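Q: Below are the structure tokens for one structure; questions will follow.
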Amino acid sequence: MSSGGPNWFKYASPMAFYPLAGRLIPWFAVPAVVLTAIGLYMTFFVAPVDYRQGDAYRIMFIHVPAAWMSMWLYICMAVYAALGLVVRTRLSSMMAQAIAPTGAMFTFIALWTGAFWGKPMWGAWWVWDARLTSELILLFLYIGVMALRAAIDDTRRADRASGLLALVGVVNVPIIYYSVQWWNTLHQGASISMTAAPTMSRIMLWTLLVMTFAFWAHAFVTSLMRVRGIILERERHAEWVAEMVDETK
Amino acid sequence: MNLTEFWHMGGYALYVWSSFGVTAAFMVGELVLLRRQRKETLDRLRRIRDIET
């Protein structure tokens, strides 16, 4: 890299990324708060009552974004894990580690809200249908990746082992996504796709999108906050961390 | 629409508020936890520094 523009590779170093992450957090925190407020207002006051599901369908405005984020964050975690394994940049493994808890949280929220929608609509909290089961496996994968890391003391070995598990588990994501087509599931098919017009009203679609971006912004905030903590822990012997600790007193 | 009606959620209050309540608790809780962890990490690093110097 010679001339023109900042050298982006420099941010692959934890020392350079730590302050950058700190500066980025407000840029996602503000949209997270604003979009959540708008999304909740649309959920409860703009979107009309569904003629068949009544007000229970409003659960969809958190269920669907949470489910999307659970899969998307897993892919992000797996990509960082792969970079950590192949390119061996320490920051990649730290990012993979930082994303996992938020991904697990959204997976749990998707399952929880699904149960509380399923009970009044299907008459069951839970069914062993392909969509629900593969989403539950996703939760176990997240927990497995975190537990495996926690069980290994040597950081580099922990990076490699948990990264490998994250990478292998990524096959589950298309299984979740296509489960409603591949198997005869109680769970309904996708209402939104890239290739066809959505089978829902415009206002419902917009509410879903606003809530999705709100959750996404939340994921950015928490991942950046968490990776800063991870950097401090793992680089605690570095000079710059010592200097920073002195400054913050 | 009045407040009682809003709370009632057309008879689905238990399901709607359990979903939104738990989601809110988790998302806000995650942020609170991260802030506390950051403070604890910095405190611990300072203690280590004070022992070593």
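Residue numbering restarts at 1 for every chain of the structure tokens, chains are lettered A, B, ... in their displayed order, and ligands are numbered from 1 as they appear.
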Tell me, counting only C-alpha atoms, for each residue of chain B within 6 Å of chain A, which pair of atoms is nearest and how far apart they are in Å to one decimal, in rows ordered by chain and increasing number, as JSON lines.
A:
{"residue": "B:Met9", "atom": "CA", "partner": "A:Asp55", "partner_atom": "CA", "distance": 5.6}
{"residue": "B:Gly10", "atom": "CA", "partner": "A:Asp55", "partner_atom": "CA", "distance": 5.9}
{"residue": "B:Tyr12", "atom": "CA", "partner": "A:Ala56", "partner_atom": "CA", "distance": 5.7}
{"residue": "B:Tyr15", "atom": "CA", "partner": "A:Phe116", "partner_atom": "CA", "distance": 5.1}
{"residue": "B:Val16", "atom": "CA", "partner": "A:Ile59", "partner_atom": "CA", "distance": 6.0}
{"residue": "B:Ser19", "atom": "CA", "partner": "A:Thr113", "partner_atom": "CA", "distance": 4.9}
{"residue": "B:Arg38", "atom": "CA", "partner": "A:Gly229", "partner_atom": "CA", "distance": 6.0}
Q: Go ahead and write the selection's residues with N, CA and C atoms as a PDB file, in the first residue's frame.
A:
ATOM      1  N   MET B   9     -54.363  -6.877  24.249  1.00  0.00           N
ATOM      2  CA  MET B   9     -53.865  -7.433  22.982  1.00  0.00           C
ATOM      3  C   MET B   9     -54.858  -8.418  22.372  1.00  0.00           C
ATOM      4  N   GLY B  10     -56.123  -8.033  22.383  1.00  0.00           N
ATOM      5  CA  GLY B  10     -57.151  -8.867  21.766  1.00  0.00           C
ATOM      6  C   GLY B  10     -57.196 -10.280  22.330  1.00  0.00           C
ATOM      7  N   TYR B  12     -54.577 -11.926  23.543  1.00  0.00           N
ATOM      8  CA  TYR B  12     -53.273 -12.604  23.418  1.00  0.00           C
ATOM      9  C   TYR B  12     -52.198 -11.978  24.304  1.00  0.00           C
ATOM     10  N   TYR B  15     -49.169 -14.069  25.518  1.00  0.00           N
ATOM     11  CA  TYR B  15     -48.215 -14.467  24.474  1.00  0.00           C
ATOM     12  C   TYR B  15     -47.428 -13.281  23.940  1.00  0.00           C
ATOM     13  N   VAL B  16     -48.134 -12.182  23.684  1.00  0.00           N
ATOM     14  CA  VAL B  16     -47.461 -11.005  23.131  1.00  0.00           C
ATOM     15  C   VAL B  16     -46.477 -10.425  24.139  1.00  0.00           C
ATOM     16  N   SER B  19     -43.389 -12.544  24.875  1.00  0.00           N
ATOM     17  CA  SER B  19     -42.424 -12.478  23.779  1.00  0.00           C
ATOM     18  C   SER B  19     -41.638 -11.172  23.826  1.00  0.00           C
ATOM     19  N   ARG B  38     -16.792  -4.700  31.166  1.00  0.00           N
ATOM     20  CA  ARG B  38     -15.722  -3.787  30.780  1.00  0.00           C
ATOM     21  C   ARG B  38     -15.095  -3.138  32.007  1.00  0.00           C
TER      22      ARG B  38
END
Q: Extract, using only C-alpha atoms, all DNA, RNA and protein residues at most 8 Å from Leu35 in chain A, discarding same-chain residues fewer than 2 positions from it, and format them as an mmCIF file with C-alpha atoms, in the first residue's frame.
A:
data_model
loop_
_atom_site.group_PDB
_atom_site.id
_atom_site.type_symbol
_atom_site.label_atom_id
_atom_site.label_comp_id
_atom_site.auth_asym_id
_atom_site.auth_seq_id
_atom_site.Cartn_x
_atom_site.Cartn_y
_atom_site.Cartn_z
ATOM 1 C CA PRO A 31 -29.506 3.826 14.926
ATOM 2 C CA ALA A 32 -30.221 0.854 17.222
ATOM 3 C CA VAL A 33 -32.199 3.031 19.643
ATOM 4 C CA ALA A 37 -38.366 3.004 18.802
ATOM 5 C CA ILE A 38 -39.731 3.378 15.271
ATOM 6 C CA GLY A 39 -40.053 -0.398 14.861
ATOM 7 C CA VAL A 210 -37.055 -1.729 10.472
ATOM 8 C CA MET A 211 -36.936 -4.254 13.327
ATOM 9 C CA PHE A 213 -32.051 -3.307 11.040
ATOM 10 C CA ALA A 214 -32.628 -2.409 14.703
#
Q: Residues of range 78-201 of chain A classed as alpha helix (DSSP H) by DSSP on the backbone are to be reported as a PyMOL selection string.
A: chain A and resi 78-86+90-122+130-151+155-169+172-182
Q: Please, what distance in Å, to one decimal, runs between CA of Lys10 in chain A and CA of Val30 in chain A?
A: 26.7 Å
Q: What does the distance between CA of Val145 in chain A and CA of Ser162 in chain A come to in Å, to one decimal place?
A: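 Interatomic distance here is 5.1 Å.
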Q: Using Å and a single decimal, report how far CA of Gly103 in chain A sits from CA of Trp206 in chain A.
A: 23.1 Å
